>>> print(open('query_5.cif').read())   # mmCIF, C-alpha atoms and all ligand atoms
data_structure
#
loop_
_atom_site.label_atom_id
_atom_site.label_comp_id
_atom_site.auth_asym_id
_atom_site.auth_seq_id
_atom_site.Cartn_x
_atom_site.Cartn_y
_atom_site.Cartn_z
CA MET A 1 -15.42 -14.75 18.08
CA THR A 2 -14.35 -12.32 20.76
CA ASN A 3 -13.53 -8.71 20.01
CA SER A 4 -9.94 -7.90 19.23
CA GLN A 5 -8.14 -6.24 22.12
CA ILE A 6 -6.18 -3.20 21.00
CA LEU A 7 -3.93 -0.96 23.06
CA LEU A 8 -3.35 2.51 21.64
CA VAL A 9 -0.43 4.46 23.07
CA GLU A 10 -0.77 8.04 21.90
CA ASP A 11 -0.12 11.24 23.85
CA GLU A 12 -2.26 13.57 21.74
CA PRO A 13 -5.80 13.22 23.17
CA ASP A 14 -7.56 14.38 19.99
CA ILE A 15 -5.82 11.83 17.82
CA ALA A 16 -6.23 9.10 20.43
CA LEU A 17 -10.00 9.66 20.57
CA ILE A 18 -10.37 9.72 16.80
CA ILE A 19 -8.50 6.44 16.46
CA ALA A 20 -10.34 4.84 19.38
CA ASP A 21 -13.73 5.83 17.92
CA LEU A 22 -12.80 4.47 14.50
CA LEU A 23 -11.66 1.13 15.86
CA THR A 24 -14.49 0.80 18.36
CA ALA A 25 -16.91 1.32 15.46
CA GLN A 26 -15.22 -1.68 13.81
CA GLY A 27 -16.09 -3.82 16.83
CA HIS A 28 -12.71 -3.76 18.55
CA ASP A 29 -12.07 -3.10 22.25
CA VAL A 30 -9.64 -0.21 22.54
CA ALA A 31 -7.64 0.81 25.61
CA ILE A 32 -5.68 4.07 25.57
CA ALA A 33 -2.44 5.00 27.32
CA GLY A 34 -0.96 8.48 27.07
CA THR A 35 2.70 7.90 27.91
CA GLY A 36 5.32 5.31 27.09
CA PRO A 37 5.57 3.96 30.66
CA ASP A 38 1.77 3.76 31.02
CA GLY A 39 1.60 1.90 27.73
CA HIS A 40 4.30 -0.49 28.85
CA ARG A 41 2.47 -1.21 32.09
CA ALA A 42 -0.85 -1.75 30.32
CA ALA A 43 0.68 -4.06 27.71
CA THR A 44 2.49 -6.04 30.39
CA ASP A 45 -0.60 -6.44 32.61
CA LYS A 46 -2.95 -7.66 29.91
CA ARG A 47 -2.69 -9.62 26.67
CA PHE A 48 -3.53 -7.44 23.67
CA ASP A 49 -3.90 -8.64 20.09
CA LEU A 50 -2.50 -5.43 18.67
CA LEU A 51 -0.47 -2.48 19.93
CA ILE A 52 -0.69 0.83 18.09
CA LEU A 53 2.30 2.89 19.17
CA ASP A 54 2.95 6.53 18.46
CA VAL A 55 6.69 7.08 18.03
CA MET A 56 6.98 10.39 19.87
CA LEU A 57 5.76 9.70 23.39
CA PRO A 58 6.61 11.14 26.80
CA GLY A 59 8.71 8.96 29.09
CA MET A 60 9.58 6.19 26.65
CA ASP A 61 9.28 6.49 22.89
CA GLY A 62 7.37 4.11 20.67
CA PHE A 63 10.51 2.41 19.38
CA ALA A 64 11.71 1.63 22.91
CA LEU A 65 8.26 0.41 23.88
CA CYS A 66 8.06 -1.82 20.80
CA GLU A 67 11.48 -3.27 21.52
CA ALA A 68 10.66 -3.86 25.19
CA MET A 69 7.44 -5.69 24.35
CA ARG A 70 9.11 -7.98 21.82
CA LYS A 71 11.83 -8.77 24.36
CA GLN A 72 9.09 -9.72 26.79
CA GLY A 73 7.78 -12.15 24.21
CA PHE A 74 4.77 -10.18 22.97
CA ASP A 75 3.69 -11.94 19.77
CA GLY A 76 0.67 -9.88 18.75
CA GLY A 77 0.72 -7.20 16.08
CA ILE A 78 2.50 -3.88 16.45
CA LEU A 79 1.61 -0.90 14.26
CA MET A 80 3.78 2.20 14.58
CA LEU A 81 2.43 5.72 14.05
CA THR A 82 4.71 8.61 13.36
CA ALA A 83 4.79 12.10 11.95
CA ARG A 84 8.05 11.30 10.28
CA SER A 85 8.14 9.36 7.07
CA GLN A 86 11.82 8.85 6.46
CA VAL A 87 12.84 5.40 5.41
CA ALA A 88 15.40 5.26 8.23
CA ASP A 89 12.64 5.58 10.84
CA ARG A 90 10.50 3.01 9.15
CA VAL A 91 13.36 0.56 8.95
CA GLN A 92 14.30 1.21 12.58
CA GLY A 93 10.77 0.43 13.68
CA LEU A 94 10.58 -2.73 11.63
CA GLN A 95 13.96 -3.99 12.76
CA ILE A 96 12.96 -3.84 16.40
CA GLY A 97 9.84 -5.86 15.78
CA ALA A 98 7.06 -3.62 14.49
CA ASP A 99 4.84 -5.28 11.87
CA ASP A 100 3.66 -2.26 10.01
CA TYR A 101 3.96 1.46 9.87
CA LEU A 102 1.63 4.37 9.24
CA ALA A 103 2.82 7.95 8.78
CA LYS A 104 0.78 10.83 10.22
CA PRO A 105 -1.35 12.42 9.06
CA PHE A 106 -3.17 9.31 7.89
CA ASP A 107 -6.43 8.60 6.14
CA PRO A 108 -8.84 6.97 8.63
CA ASN A 109 -9.76 4.32 6.08
CA GLU A 110 -6.09 3.50 5.68
CA LEU A 111 -5.72 3.04 9.43
CA VAL A 112 -8.74 0.74 9.60
CA ALA A 113 -7.47 -1.27 6.61
CA ARG A 114 -4.01 -1.71 8.15
CA VAL A 115 -5.43 -2.72 11.53
CA THR A 116 -7.81 -5.21 9.93
CA ALA A 117 -5.04 -6.72 7.82
CA LEU A 118 -2.69 -6.91 10.78
CA LEU A 119 -5.24 -8.57 13.04
CA ARG A 120 -5.99 -11.08 10.32
CA ARG A 121 -2.31 -11.87 9.87
CA VAL A 122 -1.67 -12.17 13.59
CA GLY A 123 -4.59 -14.54 13.95
CA LYS A 124 -3.82 -16.53 10.86
CA GLU A 125 -0.17 -17.12 11.23
CA GLN A 126 -0.51 -20.18 13.42
CA LEU A 127 -3.22 -21.67 11.20
CA THR A 128 -1.72 -21.98 7.76
CA PRO A 129 1.68 -23.64 7.75
CA VAL A 130 1.92 -25.80 4.66
CA THR A 131 4.77 -28.21 4.01
CA ARG A 132 3.91 -28.83 0.37
CA TYR A 133 2.28 -26.50 -2.11
CA GLN A 134 1.61 -26.54 -5.85
CA PHE A 135 0.80 -23.75 -8.25
CA GLY A 136 1.17 -23.27 -12.01
CA GLY A 137 3.59 -26.12 -12.70
CA VAL A 138 5.62 -25.35 -9.59
CA THR A 139 5.84 -27.71 -6.63
CA VAL A 140 7.32 -26.49 -3.36
CA ASP A 141 8.28 -28.85 -0.57
CA PHE A 142 9.29 -26.71 2.39
CA SER A 143 10.37 -29.69 4.47
CA VAL A 144 13.40 -30.45 2.25
CA PRO A 145 13.31 -27.65 1.01
CA LEU A 146 12.91 -28.36 -2.69
CA VAL A 147 11.32 -26.41 -5.52
CA THR A 148 10.61 -27.90 -8.94
CA ARG A 149 9.08 -26.36 -12.02
CA HIS A 150 7.65 -28.73 -14.63
CA GLY A 151 9.63 -31.46 -12.89
CA ALA A 152 13.00 -29.69 -13.05
CA SER A 153 14.71 -28.55 -9.88
CA VAL A 154 14.78 -24.78 -9.31
CA SER A 155 17.51 -23.30 -7.15
CA LEU A 156 16.32 -20.65 -4.68
CA ALA A 157 18.51 -18.65 -2.33
CA ALA A 158 17.60 -18.83 1.36
CA LYS A 159 15.88 -15.43 1.36
CA GLU A 160 13.95 -16.25 -1.79
CA MET A 161 12.72 -19.43 -0.13
CA GLN A 162 11.68 -17.57 3.02
CA LEU A 163 9.91 -14.94 0.96
CA LEU A 164 8.09 -17.60 -1.06
CA ARG A 165 7.07 -19.34 2.16
CA CYS A 166 5.73 -16.07 3.52
CA LEU A 167 3.74 -15.38 0.34
CA ILE A 168 2.27 -18.88 0.29
CA ASP A 169 1.45 -18.95 4.00
CA HIS A 170 -0.50 -15.72 3.52
CA ARG A 171 -1.87 -16.48 0.08
CA GLY A 172 -4.78 -14.32 -0.95
CA GLN A 173 -3.79 -11.51 1.41
CA VAL A 174 -2.22 -8.23 0.43
CA LEU A 175 1.20 -8.02 2.08
CA THR A 176 3.02 -4.72 2.36
CA ARG A 177 6.74 -4.47 1.61
CA GLU A 178 7.30 -3.31 5.17
CA TRP A 179 5.62 -6.35 6.61
CA LEU A 180 7.50 -8.72 4.30
CA LEU A 181 10.74 -7.05 5.43
CA THR A 182 9.94 -7.80 9.05
CA GLN A 183 9.13 -11.42 8.29
CA VAL A 184 12.07 -12.28 6.06
CA TRP A 185 14.82 -9.78 6.88
CA ARG A 186 14.00 -8.99 10.49
CA HIS A 187 17.46 -8.84 11.97
CA GLN A 188 19.43 -7.51 9.04
CA PRO A 189 20.74 -3.98 8.79
CA PHE A 190 20.81 -1.89 5.58
CA ILE A 191 17.63 -3.24 4.14
CA THR A 192 14.94 -1.17 2.45
CA PRO A 193 11.54 -1.94 0.92
CA ARG A 194 13.40 -2.08 -2.40
CA THR A 195 15.06 -5.29 -1.19
CA VAL A 196 11.64 -6.92 -1.28
CA ASP A 197 11.00 -5.75 -4.85
CA VAL A 198 14.31 -7.19 -6.02
CA HIS A 199 13.65 -10.58 -4.45
CA ILE A 200 10.10 -10.62 -5.82
CA ALA A 201 11.55 -10.03 -9.30
CA TRP A 202 13.97 -12.93 -8.83
CA LEU A 203 11.18 -15.24 -7.69
CA ARG A 204 9.11 -14.31 -10.73
CA GLN A 205 12.04 -15.02 -13.04
CA LYS A 206 12.43 -18.47 -11.55
CA LEU A 207 8.81 -19.47 -11.00
CA GLU A 208 6.45 -17.61 -13.32
CA GLU A 209 5.76 -18.73 -16.90
CA GLU A 210 5.89 -15.10 -17.99
CA PRO A 211 7.77 -13.05 -15.37
CA GLN A 212 6.63 -9.77 -16.95
CA THR A 213 2.97 -10.71 -16.60
CA PRO A 214 2.95 -12.82 -13.42
CA LYS A 215 -0.10 -14.93 -12.61
CA HIS A 216 0.82 -15.89 -9.05
CA ILE A 217 3.16 -13.34 -7.48
CA LEU A 218 1.02 -10.27 -8.04
CA THR A 219 1.77 -6.60 -7.52
CA ILE A 220 -1.03 -4.69 -5.82
CA ARG A 221 -0.38 -1.09 -6.79
CA GLY A 222 0.26 1.25 -3.90
CA GLU A 223 -0.06 -1.57 -1.38
CA GLY A 224 2.38 -4.41 -1.89
CA TYR A 225 2.11 -7.98 -3.11
CA ARG A 226 -0.39 -10.78 -3.11
CA PHE A 227 0.15 -14.43 -3.83
CA ALA A 228 -2.55 -16.09 -5.90
CA GLY A 229 -2.32 -19.89 -5.90
CA CA A 301 3.13 11.90 20.01
#
>>> encode(input="query_5.cif", output="structure tokens")
Amino acid sequence: MTNSQILLVEDEPDIALIIADLLTAQGHDVAIAGTGPDGHRAATDKRFDLLILDVMLPGMDGFALCEAMRKQGFDGGILMLTARSQVADRVQGLQIGADDYLAKPFDPNELVARVTALLRRVGKEQLTPVTRYQFGGVTVDFSVPLVTRHGASVSLAAKEMQLLRCLIDHRGQVLTREWLLTQVWRHQPFITPRTVDVHIAWLRQKLEEEPQTPKHILTIRGEGYRFAG
């Protein structure tokens, strides 16, 4: 397996070096750009697996850079870094195509964990499409689509179905609310991480034997959700 290629666009040299050292120690190849336009050029010239974009950058901010890369068809992972932690900023980043979000200052272990998870998801996404899946008395046929529980048809709204598909395609992995938002609600305004929680609750009501103590759609405290088949 080749090393993951990561482009870090960060204008604060101290932070850039800390991040680069951390990720290099994990076996990744890290390139650094210090301005938005330099980052854009680097990401256009070479195929990276993951872009780590600071939001506040000279020349072109991280949001604009993220948006430009998605418009150019970049399909790797994008992790946004920012000093601001307002929900509005997070949602803005996710709506223009970022996969995940980390507020500064961050714990180095947290950064490494997010990068590892994101690289795994980016690499896995093409590998695990299932058309039919069974768990705990539930059968899902995504090709119809049709969901049955103990043989009886279960009615799922379109977003519930997309969310279930996302959970099943990434079964066993911890998925953050932010990432689930990008996958299921990408182009919709006025969404918040709470939207994910509400839909998860609905799915549990419809699919779990005991929705209050779910066995399949699990909450991972402080992180997000994990589907256990
Ligand atoms: Ca900055």
>>> closest_atom_pairs(input="query_5.cif", of="chain A", to="ligand CA 301 (chain A)", cutoff="12 Å", atoms="all atoms listed in the file", output="JSON lines")
{"residue": "A:Leu8", "atom": "CA", "partner": "A:CA301", "partner_atom": "CA", "distance": 11.5}
{"residue": "A:Val9", "atom": "CA", "partner": "A:CA301", "partner_atom": "CA", "distance": 8.8}
{"residue": "A:Glu10", "atom": "CA", "partner": "A:CA301", "partner_atom": "CA", "distance": 5.8}
{"residue": "A:Asp11", "atom": "CA", "partner": "A:CA301", "partner_atom": "CA", "distance": 5.1}
{"residue": "A:Glu12", "atom": "CA", "partner": "A:CA301", "partner_atom": "CA", "distance": 5.9}
{"residue": "A:Pro13", "atom": "CA", "partner": "A:CA301", "partner_atom": "CA", "distance": 9.6}
{"residue": "A:Asp14", "atom": "CA", "partner": "A:CA301", "partner_atom": "CA", "distance": 11.0}
{"residue": "A:Ile15", "atom": "CA", "partner": "A:CA301", "partner_atom": "CA", "distance": 9.2}
{"residue": "A:Ala16", "atom": "CA", "partner": "A:CA301", "partner_atom": "CA", "distance": 9.8}
{"residue": "A:Ala33", "atom": "CA", "partner": "A:CA301", "partner_atom": "CA", "distance": 11.5}
{"residue": "A:Gly34", "atom": "CA", "partner": "A:CA301", "partner_atom": "CA", "distance": 8.8}
{"residue": "A:Thr35", "atom": "CA", "partner": "A:CA301", "partner_atom": "CA", "distance": 8.9}
{"residue": "A:Gly36", "atom": "CA", "partner": "A:CA301", "partner_atom": "CA", "distance": 9.9}
{"residue": "A:Ile52", "atom": "CA", "partner": "A:CA301", "partner_atom": "CA", "distance": 11.9}
{"residue": "A:Leu53", "atom": "CA", "partner": "A:CA301", "partner_atom": "CA", "distance": 9.1}
{"residue": "A:Asp54", "atom": "CA", "partner": "A:CA301", "partner_atom": "CA", "distance": 5.6}
{"residue": "A:Val55", "atom": "CA", "partner": "A:CA301", "partner_atom": "CA", "distance": 6.3}
{"residue": "A:Met56", "atom": "CA", "partner": "A:CA301", "partner_atom": "CA", "distance": 4.1}
{"residue": "A:Leu57", "atom": "CA", "partner": "A:CA301", "partner_atom": "CA", "distance": 4.8}
{"residue": "A:Pro58", "atom": "CA", "partner": "A:CA301", "partner_atom": "CA", "distance": 7.7}
{"residue": "A:Gly59", "atom": "CA", "partner": "A:CA301", "partner_atom": "CA", "distance": 11.1}
{"residue": "A:Met60", "atom": "CA", "partner": "A:CA301", "partner_atom": "CA", "distance": 10.9}
{"residue": "A:Asp61", "atom": "CA", "partner": "A:CA301", "partner_atom": "CA", "distance": 8.7}
{"residue": "A:Gly62", "atom": "CA", "partner": "A:CA301", "partner_atom": "CA", "distance": 8.9}
{"residue": "A:Met80", "atom": "CA", "partner": "A:CA301", "partner_atom": "CA", "distance": 11.1}
{"residue": "A:Leu81", "atom": "CA", "partner": "A:CA301", "partner_atom": "CA", "distance": 8.6}
{"residue": "A:Thr82", "atom": "CA", "partner": "A:CA301", "partner_atom": "CA", "distance": 7.6}
{"residue": "A:Ala83", "atom": "CA", "partner": "A:CA301", "partner_atom": "CA", "distance": 8.2}
{"residue": "A:Arg84", "atom": "CA", "partner": "A:CA301", "partner_atom": "CA", "distance": 10.9}
{"residue": "A:Ala103", "atom": "CA", "partner": "A:CA301", "partner_atom": "CA", "distance": 11.9}
{"residue": "A:Lys104", "atom": "CA", "partner": "A:CA301", "partner_atom": "CA", "distance": 10.1}
{"residue": "A:Pro105", "atom": "CA", "partner": "A:CA301", "partner_atom": "CA", "distance": 11.8}
>>> residues_near_point(input="query_5.cif", point="(5.3, -6.6, 28.9)", cutoff="8 Å", atoms="all atoms listed in the file", output="PyMOL selection string")
chain A and resi 40-45+68-69+72-74
>>> write_last_selection(input="query_5.cif", atoms="C-alpha atoms", output="mmCIF file, keeping the file's coordinate frame")
data_model
loop_
_atom_site.group_PDB
_atom_site.id
_atom_site.type_symbol
_atom_site.label_atom_id
_atom_site.label_comp_id
_atom_site.auth_asym_id
_atom_site.auth_seq_id
_atom_site.Cartn_x
_atom_site.Cartn_y
_atom_site.Cartn_z
ATOM 1 C CA HIS A 40 4.300 -0.490 28.850
ATOM 2 C CA ARG A 41 2.470 -1.210 32.090
ATOM 3 C CA ALA A 42 -0.850 -1.750 30.320
ATOM 4 C CA ALA A 43 0.680 -4.060 27.710
ATOM 5 C CA THR A 44 2.490 -6.040 30.390
ATOM 6 C CA ASP A 45 -0.600 -6.440 32.610
ATOM 7 C CA ALA A 68 10.660 -3.860 25.190
ATOM 8 C CA MET A 69 7.440 -5.690 24.350
ATOM 9 C CA GLN A 72 9.090 -9.720 26.790
ATOM 10 C CA GLY A 73 7.780 -12.150 24.210
ATOM 11 C CA PHE A 74 4.770 -10.180 22.970
#
>>> closest_atom_pairs(input="query_5.cif", of="stretch 169-191 of chain A", to="stretch 106-122 of chain A", cutoff="12 Å", atoms="only C-alpha atoms", output="JSON lines")
{"residue": "A:Asp169", "atom": "CA", "partner": "A:Arg121", "partner_atom": "CA", "distance": 9.9}
{"residue": "A:His170", "atom": "CA", "partner": "A:Arg121", "partner_atom": "CA", "distance": 7.6}
{"residue": "A:Arg171", "atom": "CA", "partner": "A:Arg121", "partner_atom": "CA", "distance": 10.8}
{"residue": "A:Gly172", "atom": "CA", "partner": "A:Arg121", "partner_atom": "CA", "distance": 11.4}
{"residue": "A:Gln173", "atom": "CA", "partner": "A:Ala117", "partner_atom": "CA", "distance": 8.1}
{"residue": "A:Val174", "atom": "CA", "partner": "A:Ala117", "partner_atom": "CA", "distance": 8.1}
{"residue": "A:Leu175", "atom": "CA", "partner": "A:Ala117", "partner_atom": "CA", "distance": 8.6}
{"residue": "A:Thr176", "atom": "CA", "partner": "A:Arg114", "partner_atom": "CA", "distance": 9.6}
{"residue": "A:Glu178", "atom": "CA", "partner": "A:Arg114", "partner_atom": "CA", "distance": 11.8}
{"residue": "A:Trp179", "atom": "CA", "partner": "A:Leu118", "partner_atom": "CA", "distance": 9.3}
{"residue": "A:Leu180", "atom": "CA", "partner": "A:Arg121", "partner_atom": "CA", "distance": 11.7}
{"residue": "A:Gln183", "atom": "CA", "partner": "A:Arg121", "partner_atom": "CA", "distance": 11.6}
>>> atom_distance(input="query_5.cif", atom1="atom CA of A:Val154", atom2="atom CA of A:Val138")
9.2 Å
>>> closest_residue(input="query_5.cif", among="A:Cys66, A:Leu23, A:Ile168, A:Leu218", to="A:Asp99", atoms="only C-alpha atoms")
A:Cys66
>>> axis_aligned_box(input="query_5.cif", around="stretch 177-189 of chain A", padding_each_side="4 Å", output="AutoDock Vina command-line options")
--center_x 13.2 --center_y -7.8 --center_z 6.8 --size_x 23.1 --size_y 17.0 --size_z 18.4
>>> closest_residue(input="query_5.cif", among="A:Ala25, A:Leu181, A:Thr148, A:Ala98", to="A:Gln162", atoms="all atoms listed in the file")
A:Leu181
>>> atom_distance(input="query_5.cif", atom1="atom CA of A:His216", atom2="atom CA of A:Leu203")
10.5 Å
>>> closest_residue(input="query_5.cif", among="A:Gln26, A:Val196, A:Lys46, A:Gln95", to="A:Glu67", atoms="only C-alpha atoms")
A:Gln95
>>> atom_distance(input="query_5.cif", atom1="atom CA of A:Ile191", atom2="atom CA of A:Ile96")
13.1 Å
>>> residues_around(input="query_5.cif", residues="stretch 139-141 of chain A", least_positions_apart="4", cutoff="12 Å", atoms="all atoms listed in the file", output="MDAnalysis selection string")
chainID A and resid 129:135 145:156 161:162 164:165 168 207 229
>>> closest_residue(input="query_5.cif", among="A:Phe227, A:Glu208, A:Ser143, A:Ala64", to="A:Leu163", atoms="only C-alpha atoms")
A:Phe227
>>> build_atoms(input="query_5.cif", residues="stretch 152-186 of chain A", atoms="N, CA and C atoms", output="short mmCIF file (atom, residue, chain, number, x, y, z; two decimals), keeping the file's coordinate frame")
data_model
loop_
_atom_site.label_atom_id
_atom_site.label_comp_id
_atom_site.auth_asym_id
_atom_site.auth_seq_id
_atom_site.Cartn_x
_atom_site.Cartn_y
_atom_site.Cartn_z
N ALA A 152 11.56 -30.00 -13.14
CA ALA A 152 13.00 -29.69 -13.05
C ALA A 152 13.28 -28.89 -11.79
N SER A 153 14.37 -29.23 -11.12
CA SER A 153 14.71 -28.55 -9.88
C SER A 153 15.03 -27.07 -10.11
N VAL A 154 14.51 -26.22 -9.24
CA VAL A 154 14.78 -24.78 -9.31
C VAL A 154 15.58 -24.40 -8.07
N SER A 155 16.67 -23.68 -8.27
CA SER A 155 17.51 -23.30 -7.15
C SER A 155 17.09 -21.94 -6.60
N LEU A 156 16.69 -21.91 -5.32
CA LEU A 156 16.32 -20.65 -4.68
C LEU A 156 17.30 -20.34 -3.56
N ALA A 157 17.69 -19.08 -3.46
CA ALA A 157 18.51 -18.65 -2.33
C ALA A 157 17.66 -18.69 -1.06
N ALA A 158 18.32 -18.69 0.08
CA ALA A 158 17.60 -18.83 1.36
C ALA A 158 16.52 -17.75 1.53
N LYS A 159 16.87 -16.51 1.20
CA LYS A 159 15.88 -15.43 1.36
C LYS A 159 14.73 -15.57 0.38
N GLU A 160 15.02 -16.03 -0.82
CA GLU A 160 13.95 -16.25 -1.79
C GLU A 160 12.99 -17.32 -1.27
N MET A 161 13.55 -18.36 -0.68
CA MET A 161 12.72 -19.43 -0.13
C MET A 161 11.86 -18.91 1.02
N GLN A 162 12.46 -18.12 1.90
CA GLN A 162 11.68 -17.57 3.02
C GLN A 162 10.58 -16.64 2.54
N LEU A 163 10.90 -15.86 1.51
CA LEU A 163 9.91 -14.94 0.96
C LEU A 163 8.76 -15.72 0.32
N LEU A 164 9.10 -16.75 -0.42
CA LEU A 164 8.09 -17.60 -1.06
C LEU A 164 7.20 -18.24 0.00
N ARG A 165 7.82 -18.71 1.06
CA ARG A 165 7.07 -19.34 2.16
C ARG A 165 6.07 -18.33 2.76
N CYS A 166 6.56 -17.12 2.95
CA CYS A 166 5.73 -16.07 3.52
C CYS A 166 4.53 -15.77 2.61
N LEU A 167 4.81 -15.66 1.32
CA LEU A 167 3.74 -15.38 0.34
C LEU A 167 2.71 -16.51 0.35
N ILE A 168 3.19 -17.73 0.36
CA ILE A 168 2.27 -18.88 0.29
C ILE A 168 1.49 -19.03 1.59
N ASP A 169 2.16 -18.84 2.72
CA ASP A 169 1.45 -18.95 4.00
C ASP A 169 0.34 -17.91 4.14
N HIS A 170 0.51 -16.79 3.44
CA HIS A 170 -0.50 -15.72 3.52
C HIS A 170 -1.15 -15.49 2.17
N ARG A 171 -1.31 -16.57 1.43
CA ARG A 171 -1.87 -16.48 0.08
C ARG A 171 -3.25 -15.81 0.13
N GLY A 172 -3.49 -15.01 -0.88
CA GLY A 172 -4.78 -14.32 -0.95
C GLY A 172 -4.81 -13.00 -0.20
N GLN A 173 -3.80 -12.76 0.64
CA GLN A 173 -3.79 -11.51 1.41
C GLN A 173 -2.81 -10.53 0.80
N VAL A 174 -3.15 -9.25 0.89
CA VAL A 174 -2.22 -8.23 0.43
C VAL A 174 -1.16 -8.01 1.51
N LEU A 175 0.09 -8.15 1.13
CA LEU A 175 1.20 -8.02 2.08
C LEU A 175 2.03 -6.80 1.72
N THR A 176 2.22 -5.91 2.67
CA THR A 176 3.02 -4.72 2.36
C THR A 176 4.50 -5.08 2.34
N ARG A 177 5.29 -4.26 1.64
CA ARG A 177 6.74 -4.47 1.61
C ARG A 177 7.30 -4.42 3.03
N GLU A 178 6.78 -3.48 3.81
CA GLU A 178 7.30 -3.31 5.17
C GLU A 178 7.08 -4.58 5.98
N TRP A 179 5.91 -5.14 5.83
CA TRP A 179 5.62 -6.35 6.61
C TRP A 179 6.49 -7.52 6.13
N LEU A 180 6.65 -7.64 4.82
CA LEU A 180 7.50 -8.72 4.30
C LEU A 180 8.94 -8.55 4.80
N LEU A 181 9.39 -7.30 4.89
CA LEU A 181 10.74 -7.05 5.43
C LEU A 181 10.87 -7.59 6.85
N THR A 182 9.84 -7.35 7.65
CA THR A 182 9.94 -7.80 9.05
C THR A 182 9.95 -9.32 9.12
N GLN A 183 9.24 -9.97 8.21
CA GLN A 183 9.13 -11.42 8.29
C GLN A 183 10.38 -12.12 7.77
N VAL A 184 10.98 -11.56 6.74
CA VAL A 184 12.07 -12.28 6.06
C VAL A 184 13.45 -11.73 6.42
N TRP A 185 13.50 -10.40 6.66
CA TRP A 185 14.82 -9.78 6.88
C TRP A 185 14.95 -9.17 8.27
N ARG A 186 14.19 -9.66 9.20
CA ARG A 186 14.00 -8.99 10.49
C ARG A 186 15.28 -8.46 11.14
#
